[in-house]
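Undergrad: TSV, C-alpha atoms and all ligand atoms, file final20.tsv:
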chain	number	residue	atom	x	y	z
A	268	MET	CA	0.00	0.00	0.00
A	269	THR	CA	1.31	3.45	-0.86
A	270	ALA	CA	1.04	6.52	1.38
A	271	THR	CA	-1.90	7.85	-0.58
A	272	ASP	CA	-3.98	4.66	-0.72
A	273	PRO	CA	-7.16	5.12	1.28
A	274	VAL	CA	-7.20	3.15	4.53
A	275	LEU	CA	-10.91	3.78	4.91
A	276	GLU	CA	-13.09	4.43	1.91
A	277	ILE	CA	-16.81	4.85	2.39
A	278	ARG	CA	-18.89	5.41	-0.73
A	279	ASP	CA	-22.56	6.27	-1.05
A	280	LEU	CA	-23.39	4.75	2.34
A	281	SER	CA	-27.02	4.85	3.46
A	282	VAL	CA	-28.07	3.30	6.79
A	283	ALA	CA	-31.58	3.17	8.26
A	284	PHE	CA	-32.72	1.95	11.68
A	285	HIS	CA	-36.07	0.23	11.90
A	286	SER	CA	-38.14	1.74	14.69
A	287	PRO	CA	-41.84	1.76	15.64
A	288	ALA	CA	-42.09	5.25	14.12
A	289	GLY	CA	-40.72	4.04	10.78
A	290	ALA	CA	-37.27	3.81	9.19
A	291	VAL	CA	-34.89	6.35	10.72
A	292	GLN	CA	-32.64	7.37	7.83
A	293	ALA	CA	-29.53	7.91	9.94
A	294	LEU	CA	-27.03	8.12	7.03
A	295	ARG	CA	-27.81	9.09	3.47
A	296	ARG	CA	-25.35	8.69	0.60
A	297	VAL	CA	-22.28	9.40	2.72
A	298	ASP	CA	-18.75	9.46	1.27
A	299	LEU	CA	-15.68	9.57	3.49
A	300	THR	CA	-12.03	8.78	2.83
A	301	ALA	CA	-9.16	8.54	5.31
A	302	ARG	CA	-5.61	8.02	4.08
A	303	ARG	CA	-2.52	6.76	5.80
A	304	GLY	CA	-0.93	9.27	8.18
A	305	GLU	CA	-4.08	11.39	8.26
A	306	ILE	CA	-6.45	12.31	11.10
A	307	VAL	CA	-9.92	12.97	9.76
A	308	GLY	CA	-12.38	14.71	12.08
A	309	LEU	CA	-16.07	13.84	11.86
A	310	VAL	CA	-18.18	16.63	13.32
A	311	GLY	CA	-21.92	17.06	13.74
A	312	GLU	CA	-24.65	17.67	16.28
A	313	SER	CA	-25.96	14.91	18.49
A	314	GLY	CA	-28.05	12.59	16.31
A	315	SER	CA	-26.31	13.54	13.06
A	316	GLY	CA	-25.11	9.96	12.49
A	317	LYS	CA	-21.47	10.03	13.64
A	318	SER	CA	-21.60	6.83	15.69
A	319	THR	CA	-23.69	5.10	13.04
A	320	LEU	CA	-20.87	5.77	10.57
A	321	ALA	CA	-18.19	4.56	13.04
A	322	LEU	CA	-20.16	1.37	13.68
A	323	ALA	CA	-20.89	0.75	10.01
A	324	ALA	CA	-17.17	1.01	9.23
A	325	THR	CA	-16.53	-2.05	11.40
A	326	ARG	CA	-19.90	-3.72	10.82
A	327	LEU	CA	-20.88	-3.35	14.46
A	328	LEU	CA	-24.32	-1.87	13.72
A	329	PRO	CA	-27.19	-3.17	15.88
A	330	ALA	CA	-29.64	-5.74	14.48
A	331	ASN	CA	-32.33	-3.17	13.62
A	332	ALA	CA	-29.96	-1.37	11.25
A	333	GLU	CA	-30.23	-1.85	7.50
A	334	ILE	CA	-27.54	-0.85	5.04
A	335	ARG	CA	-29.52	0.53	2.13
A	336	SER	CA	-26.73	1.45	-0.22
A	337	GLY	CA	-23.02	1.87	-0.54
A	338	THR	CA	-19.68	0.27	0.17
A	339	VAL	CA	-17.12	0.35	2.98
A	340	ALA	CA	-13.55	-0.64	2.23
A	341	VAL	CA	-10.78	-0.88	4.83
A	342	CYS	CA	-7.32	-1.34	3.31
A	343	GLY	CA	-9.05	-2.36	0.10
A	344	GLN	CA	-11.17	-5.07	1.77
A	345	ASP	CA	-14.91	-4.92	1.24
A	346	VAL	CA	-16.09	-4.81	4.86
A	347	LEU	CA	-19.80	-5.25	4.15
A	348	SER	CA	-19.33	-8.62	2.47
A	349	LEU	CA	-16.54	-10.06	4.64
A	350	PRO	CA	-17.25	-13.52	6.07
A	351	ALA	CA	-17.15	-13.93	9.87
A	352	ALA	CA	-13.48	-14.99	9.98
A	353	GLY	CA	-12.40	-12.03	7.89
A	354	LEU	CA	-14.42	-9.72	10.08
A	355	ARG	CA	-12.74	-11.04	13.23
A	356	GLN	CA	-9.38	-10.51	11.63
A	357	LEU	CA	-10.35	-6.99	10.61
A	358	ARG	CA	-11.40	-6.06	14.14
A	359	GLY	CA	-8.47	-7.83	15.80
A	360	GLN	CA	-5.68	-6.69	13.52
A	361	THR	CA	-6.57	-3.86	11.21
A	362	VAL	CA	-9.00	-1.58	13.01
A	363	ALA	CA	-8.75	-0.42	16.62
A	364	MET	CA	-11.64	1.37	18.27
A	365	VAL	CA	-11.71	3.71	21.22
A	366	PHE	CA	-15.24	4.67	22.27
A	367	GLN	CA	-16.75	7.26	24.57
A	368	ASP	CA	-17.37	4.53	27.11
A	369	PRO	CA	-14.08	2.66	27.40
A	370	MET	CA	-15.90	-0.42	28.69
A	371	THR	CA	-17.06	-0.94	25.10
A	372	SER	CA	-13.52	-1.58	23.92
A	373	LEU	CA	-12.45	-3.68	26.94
A	374	ASN	CA	-13.50	-7.18	27.90
A	375	PRO	CA	-15.04	-6.98	31.41
A	376	VAL	CA	-14.31	-10.60	32.33
A	377	LEU	CA	-10.59	-10.66	31.54
A	378	SER	CA	-7.77	-8.99	33.43
A	379	ILE	CA	-6.26	-6.14	31.48
A	380	GLY	CA	-2.91	-7.99	31.42
A	381	SER	CA	-4.36	-11.03	29.68
A	382	GLN	CA	-6.40	-9.08	27.15
A	383	MET	CA	-3.42	-6.92	26.30
A	384	ILE	CA	-1.23	-9.97	25.85
A	385	ASP	CA	-3.96	-11.67	23.77
A	386	ILE	CA	-4.26	-8.71	21.42
A	387	GLN	CA	-0.70	-9.41	20.30
A	388	TYR	CA	-1.59	-12.95	19.13
A	389	ARG	CA	-0.59	-11.95	15.63
A	390	ASP	CA	3.03	-11.60	16.71
A	391	ALA	CA	4.21	-15.21	16.69
A	392	THR	CA	7.88	-14.28	17.05
A	393	LEU	CA	7.50	-12.80	20.51
A	394	SER	CA	7.43	-14.94	23.70
A	395	ARG	CA	4.76	-14.40	26.36
A	396	THR	CA	7.40	-12.67	28.50
A	397	GLY	CA	8.23	-10.41	25.59
A	398	LYS	CA	4.56	-9.59	25.09
A	399	ARG	CA	4.14	-8.86	28.77
A	400	ALA	CA	7.07	-6.44	28.58
A	401	ARG	CA	5.41	-4.67	25.64
A	402	VAL	CA	2.17	-4.41	27.65
A	403	LEU	CA	4.04	-2.82	30.55
A	404	ALA	CA	5.77	-0.39	28.21
A	405	ALA	CA	2.44	0.54	26.55
A	406	LEU	CA	0.75	1.07	29.91
A	407	GLU	CA	3.63	3.19	31.11
A	408	ARG	CA	3.45	5.24	27.93
A	409	VAL	CA	-0.17	6.12	28.65
A	410	GLY	CA	0.65	6.95	32.26
A	411	ILE	CA	-0.73	4.01	34.26
A	412	PRO	CA	1.24	4.01	37.51
A	413	ASP	CA	2.48	0.68	38.95
A	414	ALA	CA	1.52	-1.10	35.76
A	415	ALA	CA	3.24	-4.37	36.76
A	416	GLN	CA	1.11	-4.58	39.91
A	417	ARG	CA	-2.09	-3.84	38.05
A	418	LEU	CA	-1.93	-6.35	35.22
A	419	ALA	CA	-4.14	-8.76	37.14
A	420	CYS	CA	-6.86	-6.13	37.68
A	421	HIS	CA	-10.12	-6.20	35.71
A	422	PRO	CA	-11.44	-3.16	33.82
A	423	HIS	CA	-14.01	-2.27	36.53
A	424	GLU	CA	-11.17	-1.80	39.04
A	425	PHE	CA	-9.91	1.25	37.13
A	426	SER	CA	-11.39	4.75	36.95
A	427	GLY	CA	-13.01	5.96	33.71
A	428	GLY	CA	-9.95	8.00	32.75
A	429	MET	CA	-7.64	5.04	33.43
A	430	ARG	CA	-9.85	2.73	31.36
A	431	GLN	CA	-9.71	5.16	28.46
A	432	ARG	CA	-5.91	5.18	28.71
A	433	ILE	CA	-5.89	1.38	28.74
A	434	ALA	CA	-8.08	1.33	25.60
A	435	ILE	CA	-5.57	3.66	23.94
A	436	ALA	CA	-2.65	1.50	25.11
A	437	MET	CA	-4.38	-1.47	23.47
A	438	ALA	CA	-4.65	0.52	20.26
A	439	LEU	CA	-0.91	1.28	20.51
A	440	LEU	CA	-0.12	-2.41	20.86
A	441	MET	CA	-2.20	-3.32	17.81
A	442	ASN	CA	-0.53	-0.73	15.62
A	443	PRO	CA	-3.72	-0.65	13.54
A	444	ALA	CA	-4.05	0.58	10.00
A	445	LEU	CA	-7.16	2.43	11.14
A	446	LEU	CA	-8.05	3.82	14.54
A	447	ILE	CA	-11.63	4.94	15.08
A	448	ALA	CA	-12.04	7.15	18.14
A	449	ASP	CA	-15.71	7.97	18.82
A	450	GLU	CA	-15.82	10.89	21.26
A	451	PRO	CA	-13.05	9.42	23.39
A	452	THR	CA	-12.87	12.42	25.71
A	453	THR	CA	-16.54	13.31	26.18
A	454	ALA	CA	-17.08	11.34	29.38
A	455	LEU	CA	-13.93	12.71	31.01
A	456	ASP	CA	-13.27	15.85	33.02
A	457	VAL	CA	-11.25	18.69	31.50
A	458	THR	CA	-7.88	17.65	32.95
A	459	LEU	CA	-8.28	14.08	31.77
A	460	GLN	CA	-9.48	15.30	28.38
A	461	ALA	CA	-6.25	17.23	27.95
A	462	GLN	CA	-4.23	14.13	28.83
A	463	ILE	CA	-6.14	11.95	26.38
A	464	VAL	CA	-5.68	14.55	23.62
A	465	HIS	CA	-1.97	14.53	24.33
A	466	LEU	CA	-2.00	10.74	23.97
A	467	LEU	CA	-3.93	10.88	20.72
A	468	ARG	CA	-1.36	13.27	19.31
A	469	ARG	CA	1.34	10.82	20.22
A	470	LEU	CA	-0.64	7.96	18.79
A	471	ARG	CA	-0.87	9.90	15.57
A	472	ARG	CA	2.92	10.04	15.35
A	473	GLU	CA	3.40	6.43	16.39
A	474	ILE	CA	0.84	4.53	14.38
A	475	ASP	CA	1.39	4.06	10.75
A	476	GLY	CA	-2.26	4.36	9.81
A	477	ALA	CA	-5.21	6.70	9.63
A	478	ILE	CA	-7.35	8.00	12.48
A	479	LEU	CA	-11.05	8.80	12.27
A	480	PHE	CA	-11.73	11.17	15.14
A	481	VAL	CA	-15.41	11.64	15.96
A	482	SER	CA	-16.11	14.67	18.08
A	483	HIS	CA	-18.49	17.43	19.14
A	484	ASP	CA	-15.53	19.54	20.07
A	485	LEU	CA	-14.58	21.97	17.32
A	486	GLY	CA	-11.52	23.19	19.25
A	487	LEU	CA	-10.20	19.67	19.57
A	488	VAL	CA	-10.81	18.88	15.92
A	489	ALA	CA	-8.99	22.05	14.91
A	490	GLU	CA	-6.03	21.06	17.09
A	491	LEU	CA	-5.83	17.43	16.18
A	492	CYS	CA	-7.11	16.83	12.67
A	493	ASP	CA	-5.82	17.36	9.14
A	494	ARG	CA	-9.18	17.19	7.43
A	495	VAL	CA	-12.72	17.56	8.64
A	496	VAL	CA	-16.02	16.14	7.45
A	497	ILE	CA	-19.16	17.98	8.60
A	498	LEU	CA	-22.21	15.78	9.02
A	499	TYR	CA	-25.70	17.23	9.24
A	500	ALA	CA	-28.82	15.08	9.75
A	501	GLY	CA	-27.14	12.04	8.17
A	502	GLU	CA	-25.57	13.83	5.19
A	503	VAL	CA	-22.08	15.16	4.63
A	504	VAL	CA	-22.54	18.88	3.95
A	505	GLU	CA	-18.92	20.06	3.76
A	506	GLU	CA	-15.45	18.61	3.80
A	507	GLY	CA	-11.93	19.88	3.39
A	508	THR	CA	-8.71	20.64	5.24
A	509	VAL	CA	-9.19	21.90	8.78
A	510	LEU	CA	-7.49	25.14	7.78
A	511	ASP	CA	-9.87	25.80	4.87
A	512	VAL	CA	-13.09	24.69	6.52
A	513	PHE	CA	-12.46	26.49	9.81
A	514	HIS	CA	-11.16	29.71	8.26
A	515	THR	CA	-13.55	30.06	5.35
A	516	PRO	CA	-16.53	27.76	5.86
A	517	ARG	CA	-18.70	27.56	2.73
A	518	HIS	CA	-21.75	25.71	3.97
A	519	PRO	CA	-24.21	27.82	5.99
A	520	TYR	CA	-24.37	25.06	8.62
A	521	THR	CA	-20.59	25.07	9.13
A	522	ARG	CA	-20.66	28.85	9.20
A	523	MET	CA	-23.35	28.88	11.86
A	524	LEU	CA	-21.38	26.45	13.98
A	525	LEU	CA	-18.24	28.54	13.76
A	526	ASP	CA	-19.79	32.02	13.86
A	527	CYS	CA	-21.80	31.25	16.89
A	528	ASP	CA	-21.45	33.69	19.75
A	529	PRO	CA	-18.50	32.30	21.76
A	530	ALA	CA	-20.34	33.08	24.98
A	531	ARG	CA	-22.80	30.36	24.04
A	532	ILE	CA	-20.14	27.70	23.62
A	533	ASP	CA	-20.09	25.55	26.70
A	534	VAL	CA	-16.54	26.06	27.95
A	535	VAL	CA	-16.60	23.08	30.25
A	536	SER	CA	-17.74	20.43	27.81
A	537	ARG	CA	-16.51	22.45	24.79
A	538	THR	CA	-19.33	20.82	22.89
A	539	LEU	CA	-20.94	22.26	19.79
A	540	PRO	CA	-22.79	25.51	20.34
A	541	THR	CA	-26.53	25.27	19.96
A	542	ILE	CA	-27.75	26.78	16.76
A	543	PRO	CA	-31.41	27.71	16.33
A	544	GLY	CA	-33.85	24.94	15.39
A	545	ASP	CA	-33.68	21.16	15.72
A	546	LEU	CA	-32.38	18.37	13.55
A	547	PRO	CA	-35.15	17.33	11.14
A	548	ASP	CA	-37.19	14.17	11.59
A	549	LEU	CA	-35.02	11.46	10.05
A	550	VAL	CA	-38.04	9.26	9.35
A	551	GLN	CA	-39.10	11.90	6.82
A	552	PRO	CA	-36.09	14.03	5.96
A	553	PRO	CA	-36.87	17.43	4.39
A	554	SER	CA	-37.25	17.78	0.62
A	555	GLY	CA	-34.55	19.64	-1.30
A	556	CYS	CA	-31.54	20.61	0.80
A	557	VAL	CA	-31.57	18.82	4.15
A	558	PHE	CA	-30.54	22.04	5.93
A	559	HIS	CA	-33.13	24.37	4.36
A	560	PRO	CA	-35.56	24.45	7.33
A	561	ARG	CA	-32.81	25.97	9.51
A	562	CYS	CA	-30.86	27.87	6.90
A	563	PRO	CA	-30.81	31.68	6.94
A	564	ARG	CA	-29.97	31.75	3.24
A	565	ALA	CA	-32.59	29.32	1.99
A	566	GLU	CA	-34.48	30.30	-1.15
A	567	ASP	CA	-37.31	28.56	-2.99
A	568	ARG	CA	-34.87	26.45	-4.95
A	569	CYS	CA	-33.41	24.99	-1.73
A	570	ARG	CA	-36.80	23.63	-0.69
A	571	VAL	CA	-37.17	21.51	-3.83
A	572	GLU	CA	-33.74	20.87	-5.31
A	573	ALA	CA	-31.12	18.88	-3.36
A	574	PRO	CA	-27.75	20.55	-3.94
A	575	SER	CA	-25.06	18.40	-5.47
A	576	TRP	CA	-21.41	18.76	-4.45
A	577	ASN	CA	-19.99	22.18	-5.19
A	578	ALA	CA	-16.21	21.92	-5.51
A	579	VAL	CA	-14.77	25.01	-3.86
A	580	SER	CA	-11.18	23.91	-4.57
A	581	ALA	CA	-9.35	20.71	-5.41
A	582	THR	CA	-9.45	19.69	-1.76
A	583	ARG	CA	-12.72	21.10	-0.59
A	584	ARG	CA	-16.38	20.78	-1.38
A	585	ALA	CA	-19.69	21.82	0.10
A	586	ARG	CA	-23.20	20.65	-0.61
A	587	CYS	CA	-24.90	24.02	-0.98
A	588	HIS	CA	-26.31	25.76	-4.06
A	589	PHE	CA	-24.43	28.90	-3.08
A	590	ALA	CA	-21.10	27.41	-1.94
A	591	GLY	CA	-19.30	28.70	-5.03
A	592	GLU	CA	-20.21	32.29	-4.25
A	593	GLY	CA	-17.89	32.75	-1.28
A	594	ALA	CA	-18.68	34.12	2.15
B	1	LIG	N1	-30.29	1.37	17.46
B	1	LIG	C1	-31.00	2.41	16.99
B	1	LIG	N2	-32.32	2.30	16.72
B	1	LIG	C2	-33.03	3.33	16.22
B	1	LIG	N3	-32.50	4.53	15.95
B	1	LIG	C3	-31.19	4.71	16.19
B	1	LIG	C4	-30.37	3.68	16.73
B	1	LIG	N4	-29.11	4.15	16.87
B	1	LIG	C5	-29.15	5.43	16.44
B	1	LIG	N5	-30.38	5.77	16.04
B	1	LIG	C6	-30.81	7.06	15.48
B	1	LIG	O1	-29.95	7.36	14.37
B	1	LIG	C7	-29.60	8.74	14.35
B	1	LIG	C8	-28.09	8.89	14.39
B	1	LIG	O2	-27.62	8.46	15.65
B	1	LIG	P1	-26.07	8.43	16.04
B	1	LIG	O3	-25.98	7.75	17.35
B	1	LIG	O4	-25.29	7.87	14.91
B	1	LIG	O5	-25.75	9.99	16.19
B	1	LIG	P2	-24.42	10.69	16.75
B	1	LIG	O6	-24.05	11.74	15.76
B	1	LIG	O7	-23.41	9.66	17.11
B	1	LIG	O8	-24.97	11.41	18.07
B	1	LIG	P3	-24.18	11.69	19.46
B	1	LIG	O9	-23.37	12.92	19.22
B	1	LIG	O10	-25.30	11.95	20.42
B	1	LIG	O11	-23.37	10.50	19.82
B	1	LIG	C9	-30.35	9.37	15.52
B	1	LIG	O12	-31.56	9.88	15.06
B	1	LIG	C10	-30.59	8.20	16.45
B	1	LIG	O13	-31.73	8.42	17.23
B	2	MG	MG	-22.43	9.13	18.87
What does the file become when written as structure tokens?
TA:
Amino acid sequence: MTATDPVLEIRDLSVAFHSPAGAVQALRRVDLTARRGEIVGLVGESGSGKSTLALAATRLLPANAEIRSGTVAVCGQDVLSLPAAGLRQLRGQTVAMVFQDPMTSLNPVLSIGSQMIDIQYRDATLSRTGKRARVLAALERVGIPDAAQRLACHPHEFSGGMRQRIAIAMALLMNPALLIADEPTTALDVTLQAQIVHLLRRLRREIDGAILFVSHDLGLVAELCDRVVILYAGEVVEEGTVLDVFHTPRHPYTRMLLDCDPARIDVVSRTLPTIPGDLPDLVQPPSGCVFHPRCPRAEDRCRVEAPSWNAVSATRRARCHFAGEGA
């Protein structure tokens, strides 16, 4: 694989959840690419479909989910049609996941020592003692004190912040081609958040793959990511380099997120500011442009005609009829 080959390539992905109210169209025709050495930020309000995308990328969607269109490729492998053995291999070797709740990535019934040794099963050249030494080194790197004494402990014996560090240490040991981090700092207090961000930066230097970083936190995305994909109500509305998108947003939704009165940004959680209006009903998404009911610029055309991609530059595009007109 060359440096520019996509590690994750999602094309035209549509996912719906069956619910008593009807089919919730959580993702519609989504494209997303992450290349080696790149951190891609995925940003959007609560309910915009970020976790659905993260789960679809590893085929961990719940049973009521239906993939209605599209393809997901990880390192060129077609994830959606992989047989069970291939899927296990993908999750155990190629893709590491760090979730908001670190218990999701850890096995509650195994000691952290044994699960961290097990995750290195791929490395047949290393003895168990050698693997144990690597575990200790990884735990020390993420700042777990007295790691040697704590190998026999189970996940529930650690605090939330410690568990998140352990999940990241596991990701370090796997050296995955793709790391998916779904709001890894949201459940943590501000001090711990800063420590985890520091670790993610290091992870970025140390792993030889791509990182998909899902977050509410625009500040964090600006600090950590190379490119950003803005998701609104299940659709990608803008994407480009962090520099471009944050400095000169072209989609009215991105602009509203960034222009928002800073006093309204919650400084403690640093989550997205609230912009007027609610996400539309995903059982019956709006006609035309998905953002038109909340958009200050909407005209008649926007209510009937869905905008196609408007290429602002070679590396940036926005799905708005007016994106080519500048700010
Ligand atoms: N298992 C499910 N069954 C039915 N609907 C679901 C299910 N999981 C998610 N949804 C719906 O799909 C949409 C997208 O949800 P998703 O969890 O992907 O959003 P998100 O962007 O990750 O939000 P958050 O920032 O709160 O984590 C929402 O409308 C949500 O209610
Ligand atoms: Mg989520």
Undergrad: For A:Asn374, find every residue with an atom within 10 Å (counting all atoms listed in the file), except residues of its own chain fewer than 5 positions away, and show them as a list in words.
TA: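 Close residues of A:Asn374: Pro369, Ile379, Gln382, His421, Pro422 and His423 of chain A.
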Undergrad: Any idea what's packed within 10 Å of A:His285, counting all atoms listed in the file, ignoring anything in its chain fewer than 2 positions away? Could you give it as a list in words?
TA: Val282, Ala283, Pro287, Ala288, Gly289, Ala290, Val291, Gln292, Ala330, Asn331, Ala332, Glu333 and Val550 of chain A
Undergrad: For A:Leu354, which residue among A:Val341, A:Pro574, A:Ala438, A:Val509 is the nearest when counting only C-alpha atoms?
TA: A:Val341
Undergrad: Counting only C-alpha atoms, note down every residue that has an atom within 10 Å of the point (-4.2, 12.5, 20.0) (file coordinates), as a PyMOL selection string.
TA: chain A and resi 306+435+448+451+461-472+478+480+487+490-492
Undergrad: Quick one, how far is atom CA of A:Pro560 from atom CA of A:Tyr520?
TA: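 Those two atoms sit 11.3 Å apart.
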Undergrad: Would you name the residues within 9 Å of ligand MG 2 (chain B), counting all atoms listed in the file, and put them as number ranges by chain?
TA: A: 313-319, 321, 367, 449-450, 481-482
Undergrad: Store the residues of this selection in a file with C-alpha atoms, as a PDB file, keeping the file's coordinate frame.
TA:
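Output below, filename again_19.pdb:
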ATOM      1  CA  SER A 313     -25.960  14.910  18.490  1.00  0.00           C
ATOM      2  CA  GLY A 314     -28.050  12.590  16.310  1.00  0.00           C
ATOM      3  CA  SER A 315     -26.310  13.540  13.060  1.00  0.00           C
ATOM      4  CA  GLY A 316     -25.110   9.960  12.490  1.00  0.00           C
ATOM      5  CA  LYS A 317     -21.470  10.030  13.640  1.00  0.00           C
ATOM      6  CA  SER A 318     -21.600   6.830  15.690  1.00  0.00           C
ATOM      7  CA  THR A 319     -23.690   5.100  13.040  1.00  0.00           C
ATOM      8  CA  ALA A 321     -18.190   4.560  13.040  1.00  0.00           C
ATOM      9  CA  GLN A 367     -16.750   7.260  24.570  1.00  0.00           C
ATOM     10  CA  ASP A 449     -15.710   7.970  18.820  1.00  0.00           C
ATOM     11  CA  GLU A 450     -15.820  10.890  21.260  1.00  0.00           C
ATOM     12  CA  VAL A 481     -15.410  11.640  15.960  1.00  0.00           C
ATOM     13  CA  SER A 482     -16.110  14.670  18.080  1.00  0.00           C
TER      14      SER A 482
END
Undergrad: Near A:Phe589, within 10 Å and counting all atoms listed in the file, which residues show up once chain neighbours fewer than 3 positions away are dropped, as a PyMOL selection string?
TA: chain A and resi 517-519+564-565+569+574+577+585-586+592-594
